[in-house]
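J.: Pasting start_10.cif here (mmCIF, C-alpha atoms):
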data_entry
#
loop_
_atom_site.label_atom_id
_atom_site.label_comp_id
_atom_site.auth_asym_id
_atom_site.auth_seq_id
_atom_site.Cartn_x
_atom_site.Cartn_y
_atom_site.Cartn_z
CA MET A 1 -12.98 -6.58 -13.52
CA HIS A 2 -11.43 -9.02 -15.99
CA LEU A 3 -12.34 -6.65 -18.84
CA VAL A 4 -10.67 -3.75 -17.00
CA VAL A 5 -7.44 -5.75 -16.63
CA ILE A 6 -7.47 -6.60 -20.35
CA VAL A 7 -8.00 -2.95 -21.34
CA VAL A 8 -5.22 -1.80 -19.00
CA THR A 9 -2.86 -4.49 -20.34
CA TYR A 10 -3.32 -3.50 -23.98
CA THR A 11 -3.10 0.21 -23.12
CA VAL A 12 0.20 -0.30 -21.31
CA ARG A 13 1.60 -2.29 -24.23
CA VAL A 14 0.70 0.43 -26.74
CA PHE A 15 2.20 3.06 -24.44
CA MET A 16 5.48 1.15 -24.00
CA PHE A 17 5.95 0.79 -27.75
CA ALA A 18 4.88 4.36 -28.53
CA TRP A 19 6.94 6.00 -25.80
CA PHE A 20 10.14 3.92 -25.72
CA ARG A 21 10.12 2.54 -29.29
CA PRO A 22 12.09 -0.64 -28.49
CA LYS A 23 14.28 -2.08 -31.21
CA VAL A 24 14.42 -5.88 -31.23
CA ILE A 25 17.54 -7.42 -32.75
CA PHE A 26 17.85 -11.19 -33.27
CA ALA A 27 21.38 -12.52 -32.87
CA GLY A 28 21.83 -15.85 -34.61
CA GLU A 29 19.65 -17.99 -36.83
CA SER A 30 17.68 -20.06 -34.30
CA VAL A 31 15.23 -17.29 -33.32
CA LYS A 32 13.85 -14.80 -35.82
CA SER A 33 10.59 -13.76 -34.15
CA VAL A 34 9.22 -12.97 -30.69
CA HIS A 35 6.48 -15.48 -31.44
CA LEU A 36 8.29 -18.61 -30.31
CA GLY A 37 7.22 -22.00 -31.67
CA THR A 38 8.14 -23.87 -28.49
CA PRO A 39 7.32 -22.83 -24.89
CA SER A 40 10.61 -21.45 -23.60
CA VAL A 41 12.32 -20.13 -20.50
CA ILE A 42 13.23 -16.53 -21.37
CA ILE A 43 15.96 -14.96 -19.24
CA ALA A 44 17.07 -11.32 -19.32
CA ASN A 45 19.39 -8.93 -17.53
CA HIS A 46 17.71 -6.42 -15.22
CA THR A 47 18.51 -2.74 -15.78
CA SER A 48 15.32 -0.99 -14.70
CA MET A 49 12.02 -1.43 -12.86
CA LEU A 50 10.39 -1.02 -16.28
CA ASP A 51 12.11 -4.11 -17.70
CA PRO A 52 9.31 -6.56 -16.78
CA ILE A 53 6.68 -4.36 -18.45
CA MET A 54 8.84 -4.03 -21.57
CA MET A 55 9.45 -7.79 -21.73
CA LEU A 56 5.72 -8.46 -21.43
CA ALA A 57 5.05 -5.89 -24.14
CA VAL A 58 7.54 -7.52 -26.53
CA PHE A 59 6.64 -11.16 -25.74
CA PHE A 60 2.95 -10.33 -25.58
CA SER A 61 1.26 -13.63 -26.37
CA HIS A 62 1.51 -16.92 -24.42
CA LYS A 63 3.68 -15.59 -21.63
CA SER A 64 4.04 -15.53 -17.87
CA ILE A 65 6.64 -13.79 -15.72
CA VAL A 66 8.33 -14.55 -12.41
CA VAL A 67 8.02 -11.56 -10.04
CA ALA A 68 9.53 -11.10 -6.60
CA LYS A 69 6.95 -11.71 -3.89
CA ASP A 70 7.94 -8.56 -2.02
CA GLN A 71 7.24 -6.51 -5.16
CA ILE A 72 3.79 -8.07 -5.42
CA GLU A 73 3.13 -7.14 -1.78
CA ASP A 74 4.32 -3.55 -2.35
CA PRO A 75 1.23 -1.29 -2.11
CA HIS A 76 2.36 0.63 -5.21
CA PHE A 77 2.14 -2.50 -7.40
CA ARG A 78 -0.24 -4.79 -5.50
CA TRP A 79 -3.43 -3.91 -7.37
CA ALA A 80 -2.01 -4.67 -10.81
CA LEU A 81 0.22 -7.63 -9.93
CA THR A 82 -2.39 -9.54 -7.93
CA ARG A 83 -4.86 -9.26 -10.81
CA ALA A 84 -2.49 -10.14 -13.64
CA LYS A 85 -2.90 -13.87 -14.38
CA CYS A 86 0.55 -14.06 -15.95
CA VAL A 87 2.43 -13.28 -12.70
CA ILE A 88 4.28 -16.07 -10.85
CA PRO A 89 5.32 -14.97 -7.31
CA CYS A 90 8.77 -15.94 -6.04
CA ASP A 91 10.25 -15.36 -2.59
CA ARG A 92 13.79 -14.36 -3.55
CA PHE A 93 15.05 -14.21 0.03
CA ASN A 94 14.06 -17.68 1.23
CA MET A 95 14.06 -21.24 -0.08
CA ASP A 96 11.05 -21.16 -2.39
CA THR A 97 10.16 -24.00 -4.77
CA GLU A 98 6.49 -23.16 -5.28
CA TRP A 99 7.34 -20.74 -8.09
CA ALA A 100 9.05 -23.55 -10.04
CA LEU A 101 5.92 -25.71 -9.84
CA LEU A 102 3.78 -22.83 -11.09
CA ALA A 103 6.26 -22.08 -13.87
CA ARG A 104 6.30 -25.73 -14.92
CA ARG A 105 2.49 -25.65 -15.25
CA GLU A 106 2.73 -22.54 -17.42
CA LEU A 107 5.19 -24.27 -19.74
CA GLU A 108 2.90 -27.29 -19.94
CA LYS A 109 0.08 -24.96 -20.98
CA GLY A 110 2.24 -23.70 -23.86
CA ASN A 111 3.26 -20.39 -22.28
CA ASN A 112 6.73 -18.90 -22.15
CA VAL A 113 8.17 -18.08 -18.72
CA ILE A 114 10.13 -14.84 -18.35
CA ILE A 115 12.74 -14.73 -15.56
CA PHE A 116 15.27 -12.13 -14.40
CA PRO A 117 17.86 -14.45 -12.84
CA GLU A 118 19.90 -11.61 -11.30
CA GLY A 119 17.10 -11.17 -8.78
CA LYS A 120 17.41 -7.38 -8.69
CA CYS A 121 18.21 -4.37 -10.84
CA ARG A 122 21.73 -3.27 -11.67
CA TYR A 123 22.32 0.13 -13.23
CA ASP A 124 26.00 0.26 -14.17
CA GLY A 125 25.79 -2.01 -17.23
CA LEU A 126 27.35 -5.00 -15.45
CA LEU A 127 25.66 -8.23 -14.39
CA ASN A 128 24.90 -9.53 -10.92
CA GLU A 129 25.51 -13.23 -10.29
CA PHE A 130 22.69 -15.30 -11.82
CA LYS A 131 20.47 -17.40 -9.57
CA THR A 132 20.28 -20.97 -10.84
CA GLY A 133 16.49 -21.44 -10.65
CA PHE A 134 15.99 -20.86 -14.38
CA ALA A 135 18.49 -23.62 -15.20
CA PHE A 136 16.73 -26.03 -12.86
CA LEU A 137 13.39 -25.19 -14.49
CA ALA A 138 14.73 -25.67 -18.02
CA ARG A 139 16.49 -28.93 -17.19
CA SER A 140 13.51 -30.43 -15.35
CA THR A 141 11.04 -29.55 -18.13
CA GLY A 142 13.26 -29.85 -21.20
CA ALA A 143 12.24 -26.32 -22.25
CA PRO A 144 14.78 -24.36 -24.34
CA VAL A 145 16.35 -21.23 -22.83
CA LEU A 146 16.21 -17.95 -24.76
CA SER A 147 18.55 -15.25 -23.47
CA VAL A 148 17.62 -11.61 -23.99
CA GLY A 149 20.02 -8.72 -23.49
CA LEU A 150 18.39 -5.42 -22.53
CA ASP A 151 20.66 -2.64 -23.75
CA GLY A 152 20.24 0.26 -21.36
CA ARG A 153 17.35 1.32 -19.19
CA CYS A 154 13.89 1.81 -20.66
CA ARG A 155 13.74 5.58 -20.92
CA ARG A 156 13.74 8.38 -23.40
CA ASN A 157 16.95 10.27 -23.99
CA SER A 158 16.09 13.72 -22.72
CA ARG A 159 17.68 16.80 -21.25
CA ARG A 160 16.85 18.16 -17.81
CA GLY A 161 14.37 20.66 -19.18
CA ALA A 162 12.59 17.96 -21.18
CA GLY A 163 11.91 15.53 -18.35
CA MET A 164 15.15 14.20 -16.84
CA LYS A 165 14.46 13.02 -13.29
CA THR A 166 17.17 13.66 -10.68
CA GLY A 167 17.58 12.16 -7.24
CA LEU A 168 19.43 12.96 -4.03
CA VAL A 169 20.34 10.17 -1.59
CA LEU A 170 21.74 10.76 1.88
CA GLU A 171 23.75 8.53 4.18
CA GLY A 172 23.29 8.73 7.93
CA GLY A 173 25.96 8.73 10.61
CA SER A 174 24.40 10.70 13.48
CA ARG A 175 26.66 13.73 14.07
CA GLN A 176 28.75 12.90 11.03
CA THR A 177 25.82 14.40 9.10
CA MET A 178 27.36 17.76 10.04
CA PHE A 179 29.24 17.28 6.77
CA SER A 180 25.94 16.73 4.94
CA ALA A 181 24.54 19.87 6.58
CA GLY A 182 27.37 21.92 5.11
CA VAL A 183 26.87 20.43 1.66
CA LEU A 184 23.09 20.86 1.69
CA ASP A 185 23.15 24.43 3.00
CA THR A 186 25.41 25.25 0.07
CA PHE A 187 23.01 23.48 -2.30
CA MET A 188 20.24 25.69 -0.90
CA ASP A 189 22.30 28.79 -1.63
CA GLU A 190 22.53 27.66 -5.24
CA ASP A 191 18.88 26.47 -5.34
CA ILE A 192 19.78 23.00 -6.61
CA PRO A 193 16.54 21.12 -7.42
CA PHE A 194 15.79 17.40 -7.10
CA ASP A 195 12.73 15.40 -8.05
CA TYR A 196 13.33 12.58 -5.58
CA ILE A 197 15.12 12.49 -2.22
CA ALA A 198 15.81 9.50 0.03
CA GLY A 199 17.62 9.31 3.34
CA VAL A 200 18.47 6.63 5.89
CA SER A 201 19.13 7.01 9.60
CA ALA A 202 20.18 10.62 10.32
CA GLY A 203 20.16 11.11 6.56
CA ALA A 204 16.35 11.03 6.83
CA HIS A 205 16.54 14.27 8.83
CA ALA A 206 18.76 15.71 6.10
CA ALA A 207 16.25 14.68 3.42
CA ILE A 208 13.25 16.24 5.17
CA ASN A 209 15.18 19.40 5.95
CA TYR A 210 16.33 19.89 2.36
CA ILE A 211 12.74 19.73 1.15
CA THR A 212 11.63 22.36 3.70
CA ARG A 213 14.68 24.49 2.75
CA GLN A 214 15.35 25.40 6.38
CA GLN A 215 18.95 26.45 6.08
CA GLY A 216 20.99 25.84 9.23
CA ARG A 217 18.37 23.65 10.89
CA LEU A 218 20.07 20.28 10.28
CA ARG A 219 23.32 21.66 11.67
CA PHE A 220 21.47 22.75 14.82
CA ILE A 221 19.30 19.69 15.56
CA VAL A 222 22.14 17.13 15.34
CA LEU A 223 24.02 18.98 18.09
CA PRO A 224 23.79 17.51 21.62
CA THR A 225 20.97 19.27 23.46
CA ARG A 226 23.37 20.76 26.02
CA LEU A 227 25.35 22.45 23.24
CA GLN A 228 22.11 23.66 21.66
CA LYS A 229 21.41 25.48 24.94
CA GLY A 230 24.84 27.16 24.94
CA LYS A 231 26.60 24.82 27.35
CA LYS A 232 30.30 24.23 26.72
CA TRP A 233 30.32 20.51 27.41
CA ALA A 234 28.19 17.44 26.70
CA SER A 235 28.67 13.74 27.45
CA LYS A 236 29.32 11.41 24.56
CA TYR A 237 27.31 8.43 25.79
CA ILE A 238 25.49 9.38 29.02
CA GLY A 239 21.88 10.21 28.21
CA ILE A 240 22.11 8.84 24.67
CA GLN A 241 18.47 7.61 24.83
CA LYS A 242 17.29 11.13 25.68
CA GLU A 243 19.36 12.55 22.82
CA PHE A 244 17.77 10.01 20.47
CA HIS A 245 14.28 11.13 21.51
CA ALA A 246 15.22 14.81 21.34
CA LEU A 247 16.57 14.51 17.80
CA ASN A 248 13.73 12.45 16.39
CA TYR A 249 10.75 14.02 18.16
CA LEU A 250 11.41 17.10 20.31
CA SER A 251 13.40 18.90 17.61
CA ALA A 252 10.31 18.99 15.36
CA ASP A 253 8.71 21.54 17.72
CA GLY A 254 11.85 22.92 19.34
CA GLU A 255 13.86 26.10 18.91
CA MET A 256 14.05 25.52 15.14
CA PRO A 257 10.79 23.64 14.46
CA LEU A 258 10.18 21.54 11.37
CA ASP A 259 8.12 23.36 8.74
CA PHE A 260 5.78 20.44 8.15
CA GLU A 261 3.44 22.48 5.96
CA ALA A 262 6.28 23.25 3.56
CA TYR A 263 7.25 19.59 3.53
CA ALA A 264 3.70 18.33 3.00
CA SER A 265 3.01 20.77 0.16
CA SER A 266 6.26 20.04 -1.69
CA ARG A 267 6.07 18.15 -4.97
CA VAL A 268 9.41 16.48 -4.28
CA GLU A 269 9.00 12.77 -3.64
CA CYS A 270 10.69 11.77 -0.40
CA GLU A 271 11.30 8.29 1.04
CA ILE A 272 12.83 7.11 4.29
CA GLY A 273 14.80 3.88 4.33
CA LEU A 274 14.30 1.35 7.12
CA THR A 275 15.34 -2.22 7.86
CA CYS A 276 12.50 -4.64 8.57
CA CYS A 277 13.47 -6.87 11.51
CA GLU A 278 11.20 -9.73 10.43
CA THR A 279 12.56 -9.98 6.88
CA GLY A 280 16.03 -8.45 7.22
CA ARG A 281 15.30 -6.41 4.08
CA ALA A 282 15.19 -2.72 3.29
CA GLU A 283 11.85 -0.98 3.02
CA PHE A 284 11.12 2.57 1.93
CA LYS A 285 8.22 4.57 3.25
CA SER A 286 6.91 8.07 2.71
CA GLU A 287 4.49 10.25 4.67
CA LYS A 288 3.21 13.75 3.89
CA GLN A 289 -0.15 13.73 5.70
CA ASP A 290 0.61 12.82 9.31
CA LYS A 291 3.43 14.63 11.10
CA LYS A 292 3.55 12.14 13.99
CA ARG A 293 3.87 9.21 11.60
CA LEU A 294 6.65 11.00 9.71
CA LEU A 295 8.58 11.39 12.97
CA ASP A 296 7.93 7.72 13.78
CA LEU A 297 9.43 6.73 10.41
CA ILE A 298 12.52 8.86 11.01
CA SER A 299 12.92 7.46 14.51
CA ALA A 300 12.64 3.90 13.19
CA SER A 301 15.24 4.63 10.54
CA CYS A 302 17.63 5.80 13.29
CA ALA A 303 17.06 2.82 15.62
CA LEU A 304 20.61 1.46 15.75
CA PRO A 305 20.76 -2.10 17.16
CA MET A 306 22.22 -2.55 20.66
CA LEU A 307 21.68 1.13 21.48
CA PHE A 308 18.00 1.77 20.75
CA PRO A 309 14.84 -0.37 20.82
CA MET A 310 13.36 -1.61 17.57
CA ALA A 311 10.45 0.54 16.40
CA LYS A 312 7.00 -0.96 15.79
CA LEU A 313 5.15 0.30 12.70
CA ASP A 314 2.22 -1.30 10.88
CA ASP A 315 2.53 -4.61 12.80
CA LYS A 316 6.22 -4.93 11.94
CA HIS A 317 9.42 -3.96 13.72
CA TYR A 318 12.10 -1.80 12.17
CA ALA A 319 15.75 -0.94 12.76
CA ASP A 320 18.27 1.51 11.37
CA GLY A 321 18.02 1.84 7.59
CA CYS A 322 21.81 1.92 7.27
CA ILE A 323 21.96 -1.84 7.95
CA THR A 324 20.51 -2.81 4.57
CA GLU A 325 20.70 0.40 2.50
CA PRO A 326 23.52 2.64 3.76
CA ILE A 327 23.26 4.90 0.69
CA PRO A 328 19.99 4.27 -1.19
CA PHE A 329 21.12 5.13 -4.72
CA GLU A 330 19.68 1.88 -6.11
CA ARG A 331 16.27 2.86 -4.79
CA ALA A 332 16.55 6.23 -6.57
CA PHE A 333 17.18 4.48 -9.89
CA GLU A 334 14.29 2.11 -9.18
CA LYS A 335 12.07 5.16 -8.74
CA GLY A 336 12.97 6.32 -12.23
CA CYS A 337 15.81 8.76 -11.59
CA ASP A 338 18.11 9.29 -14.55
CA LYS A 339 20.93 10.81 -12.48
CA VAL A 340 21.60 10.59 -8.75
CA VAL A 341 23.63 12.73 -6.36
CA ALA A 342 24.87 10.77 -3.33
CA ILE A 343 26.22 12.36 -0.15
CA SER A 344 28.28 10.07 2.05
CA THR A 345 29.48 10.98 5.54
CA HIS A 346 32.53 8.69 5.49
CA TYR A 347 35.92 9.55 4.03
CA PRO A 348 37.69 7.07 1.71
CA GLY A 349 39.13 4.17 3.68
CA GLU A 350 37.24 4.97 6.88
CA ALA A 351 36.36 1.93 8.97
CA VAL A 352 32.58 1.70 9.35
CA THR A 353 30.76 -0.37 11.95
CA ASP A 354 31.41 -4.09 11.58
CA PHE A 355 28.63 -5.77 13.55
CA ARG A 356 30.46 -9.09 13.46
CA LYS A 357 32.64 -7.74 16.25
CA TYR A 358 29.56 -7.57 18.44
CA ARG A 359 28.28 -11.07 17.67
CA ALA A 360 28.44 -12.07 21.35
CA ILE A 361 26.03 -9.23 22.20
CA LEU A 362 23.84 -9.50 19.10
CA ASN A 363 23.40 -13.29 19.35
CA PRO A 364 21.14 -13.31 22.44
CA MET A 365 19.41 -10.07 21.41
CA TYR A 366 18.36 -10.86 17.86
CA LYS A 367 19.40 -14.27 16.50
CA GLN A 368 16.33 -16.17 17.69
CA LYS A 369 13.78 -13.35 17.67
CA TYR A 370 14.88 -11.72 14.39
CA PRO A 371 17.12 -14.21 12.55
CA ASN A 372 16.90 -12.32 9.23
CA LEU A 373 17.94 -9.08 10.92
CA PHE A 374 20.84 -10.90 12.56
CA ARG A 375 22.02 -12.17 9.16
CA ALA A 376 21.73 -8.68 7.71
CA LEU A 377 23.90 -7.32 10.52
CA MET A 378 26.56 -9.96 9.90
CA VAL A 379 26.91 -9.05 6.20
CA ARG A 380 26.48 -5.30 6.63
CA LEU A 381 30.17 -4.44 6.17
CA LYS A 382 30.47 -6.49 2.99
CA ARG A 383 27.27 -4.89 1.66
CA TYR A 384 28.64 -1.42 2.47
CA GLU A 385 31.90 -2.04 0.63
CA LYS A 386 30.01 -3.41 -2.37
CA LYS A 387 27.85 -0.28 -2.51
CA PHE A 388 30.88 1.94 -2.93
CA ILE A 389 32.29 -0.25 -5.69
CA GLN A 390 28.96 0.09 -7.50
CA MET A 391 28.92 3.86 -6.98
CA GLU A 392 32.42 4.20 -8.41
CA SER A 393 31.28 2.32 -11.51
CA LEU A 394 28.18 4.51 -11.84
CA GLU A 395 30.30 7.64 -11.45
CA LYS A 396 32.47 6.61 -14.38
CA LYS A 397 29.34 6.11 -16.48
CA GLY A 398 28.07 9.59 -15.63
CA LYS A 399 24.98 8.35 -13.78
CA LEU A 400 25.99 9.18 -10.21
CA PHE A 401 27.72 12.12 -8.53
CA LEU A 402 29.31 11.30 -5.17
CA ILE A 403 30.25 13.90 -2.56
CA ARG A 404 32.06 12.70 0.55
CA PRO A 405 34.56 14.12 3.08
CA LEU A 406 38.22 13.75 2.24
CA ILE A 407 39.52 13.91 5.80
CA ASP A 408 38.69 12.39 9.18
CA LEU A 409 36.52 14.80 11.15
CA CYS A 410 33.89 14.25 13.86
CA ASP A 411 32.71 10.75 14.67
CA GLN A 412 29.20 9.34 15.05
CA PHE A 413 28.65 10.43 18.66
CA ASP A 414 31.06 13.36 18.83
CA THR A 415 30.41 16.19 21.29
CA ASP A 416 33.45 18.32 20.39
CA MET A 417 32.03 21.59 19.03
CA ASP A 418 35.22 22.45 17.18
CA LYS A 419 35.25 19.12 15.34
CA MET A 420 31.59 19.39 14.41
CA ASN A 421 32.05 22.93 13.10
CA GLU A 422 35.09 21.76 11.14
CA SER A 423 33.02 18.96 9.64
CA TYR A 424 30.26 21.40 8.62
CA ASN A 425 32.76 23.81 7.09
CA HIS A 426 34.41 20.97 5.19
CA GLY A 427 31.00 20.13 3.71
CA VAL A 428 30.54 23.73 2.60
CA GLU A 429 34.02 23.74 1.08
CA MET A 430 33.50 20.46 -0.79
CA ALA A 431 30.15 21.62 -2.18
CA LYS A 432 31.59 24.92 -3.41
CA GLN A 433 34.60 23.21 -5.01
CA ARG A 434 32.39 20.81 -6.96
CA MET A 435 29.44 23.09 -7.69
CA ASP A 436 30.30 23.70 -11.35
CA ASP A 437 30.78 19.97 -11.94
CA LEU A 438 27.49 19.27 -10.13
CA LYS A 439 25.55 21.72 -12.30
CA THR A 440 27.07 20.19 -15.42
CA PHE A 441 26.11 16.72 -14.19
CA LEU A 442 22.52 17.80 -13.47
CA GLU A 443 22.38 19.84 -16.70
CA ILE A 444 21.21 23.00 -14.96
#
Step by step, read the file and then write its structure as structure tokens.
T.:
Amino acid sequence: MHLVVIVVTYTVRVFMFAWFRPKVIFAGESVKSVHLGTPSVIIANHTSMLDPIMMLAVFFSHKSIVVAKDQIEDPHFRWALTRAKCVIPCDRFNMDTEWALLARRELEKGNNVIIFPEGKCRYDGLLNEFKTGFAFLARSTGAPVLSVGLDGRCRRNSRRGAGMKTGLVLEGGSRQTMFSAGVLDTFMDEDIPFDYIAGVSAGAHAAINYITRQQGRLRFIVLPTRLQKGKKWASKYIGIQKEFHALNYLSADGEMPLDFEAYASSRVECEIGLTCCETGRAEFKSEKQDKKRLLDLISASCALPMLFPMAKLDDKHYADGCITEPIPFERAFEKGCDKVVAISTHYPGEAVTDFRKYRAILNPMYKQKYPNLFRALMVRLKRYEKKFIQMESLEKKGKLFLIRPLIDLCDQFDTDMDKMNESYNHGVEMAKQRMDDLKTFLEI
């Protein structure tokens, strides 16, 4: 097994240099080679999920790297990261000092320690606030600090036809996704392709439906069941639990059933965003084999606190994905997308749910049982506002294309048919108005 790891390591290094052809520039006179004479703490900005591999490829000898513990536990990376002897796990969401002890031992052995002090990727060319752990490590060991600036994401400059990967990310909002339905039905008319699609909350329904290309289905299933049956009136809040079950389960085999075969056979990668109650962090899951599990994932992603019970999956409990990742554009970039189209269901300046107003209710429900979820709920509004600032920056850089309503239409639990139709039509109108710009952005 050790021989296999060595072969894989050298193969990956050769591939990184052959494919990306990194250019190393030394600024200043103190460092003129990647072969450092003194064990050092190497810090770098974080622009891509490929950054750690590139750093290990460049600083190939006598190195170790600090990696987030949740990334090591991710099933996509677990095999490689648990077998690589150079990996130092770090719990970035809790008070963790064990990583510093391990890093100190590596320095004492004569190895460099690579750290990304931002703690997560950022794709707009700016820097997140640095964590101070690297400074503590350098000061306590006396090791010099070498700063490395990664200029741009590790990728080849290519056109759409030569391998550019595009993503679509979808915000939830229950019946506010009527706007998304209008936009996506128009996309279907124009046959707009995407390589990766992610949705949270009701946006998960939108994601699945776009892959199956069932035009008109999303618009139908988000309607209250009474209106689906031709009734003229439906209650806004009475029977909300039944509506939740009807949307997430019964609709899959209802009047407009989900074409699971089309979904399962599609080559488009699709992920559903959820919030883990135990950790208070976002998780993304996919499922193309088991229809029941797919519906369970969607239901979990729609489980809004206070209204619906937390969903149990794989020995964990999950809540609405909008709490931690209201619009999962960062996940799309992490998955290798070069350009991302984001559809929001909120107009500029709209007041979104501020869970701090419901602290008196949330305290007894979640603070003791799920303290990390409670903290995530308390900072949700600030996180949401920050996401839009990031998206505006990415739009200016030509990496993200945002479509959102410009006027106030139906709300989250609306039952007014006229308002919902108006919201759908506004989505169609917005998509048609921006279609030429969208095709230019996607290079199609």
J.: Determine, counting all atoms listed in the file, every residue of protein, DNA or RNA that lies within 12 Å of (25.2, 26.7, -10.7) in the file coordinates, then give the result as a ChimeraX atom specification.
T.: /A:186-193,431-444
J.: Given the choices A:Ser301, A:Thr166, A:Asn94, A:Ser30, which gets closest to A:Glu269 if the distance is worked out from all atoms listed in the file?
T.: A:Thr166
J.: Go through A:Leu101, A:Cys86, A:Leu381, A:Ile208 and flag the residue nearest A:Lys291, using all atoms listed in the file for the distances.
T.: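 For A:Lys291, the nearest of the given residues is A:Ile208.
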J.: What does the structure give for the distance between atom CA of A:Pro371 and atom CA of A:Lys316, in Å to one decimal?
T.: 14.3 Å
J.: Would you write out, as a list in words, every residue that the PyMOL selection byres ((chain A and resi 227) around 12) captures in this file?
T.: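 Taken over the shown coordinates, the PyMOL selection byres ((chain A and resi 227) around 12) returns Arg219, Phe220, Ile221, Val222, Leu223, Pro224, Thr225, Arg226, Gln228, Lys229, Gly230, Lys231, Lys232, Trp233, Ala234, Ser235, Lys236, Glu243, Asp414, Thr415, Asp416, Met417, Asp418 and Met420 of chain A.
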J.: Tell me, as a list in words, which residues lie within 9 Å of A:Thr38, counting all atoms listed in the file; anything in the same chain fewer than 6 positions away does not count.
T.: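 Selected residues are Gly110, Asn111, Asn112, Ala143 and Pro144 of chain A.
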J.: Kindly provide, as a ChimeraX atom specification, the polymer residues lying within 8 Å of (6.0, 9.8, -6.5), counting all atoms listed in the file and using the coordinates exactly as they appear in the file.
T.: /A:196,268-270,335
J.: I'd like to know which of A:Ser40, A:Ser265, A:Gln215, A:Thr345 is closest to A:Glu171, using all atoms listed in the file.
T.: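 Checking each candidate against A:Glu171, we get A:Thr345 as the closest.
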J.: Give as a count of residues only the residues that the PyMOL selection byres ((chain A and resi 89) around 6) matches when applied to the coordinates above.
T.: 6
J.: What is the atom CA of A:Gly199-atom CA of A:Gly173 distance in Å, reported with one decimal?
T.: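 One can read the atom CA of A:Gly199 to atom CA of A:Gly173 distance as 11.1 Å.
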J.: With the PyMOL selection byres ((chain A and resi 354) around 10) as the selection, what would be picked from this file? Answer as a ChimeraX atom specification, please.
T.: /A:351-353,355-359,377-382,384
J.: Counting only C-alpha atoms, figure out which residue out of A:Gln176, A:Val145, A:Leu102, A:Leu150 gets nearest to A:Cys410.
T.: A:Gln176
J.: Quick one: of A:Ile72, A:Leu247, A:Leu295, A:Ala303, who's nearest to A:Arg175, counting all atoms listed in the file?
T.: A:Leu247
J.: Given the choices A:Lys285, A:Lys387, A:Arg217, A:Lys339, which gets closest to A:Pro326 if the distance is worked out from only C-alpha atoms?
T.: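 So, comparing all the options, the nearest one is A:Lys387.
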J.: Env of stretch 422-429 of chain A: 6 Å cut, atoms = all atoms listed in the file, seq-sep filter 6 positions within chain, self excluded. Answer as JSON, numbers by chain.
T.: {"A": [178, 179, 182, 183, 186, 409]}
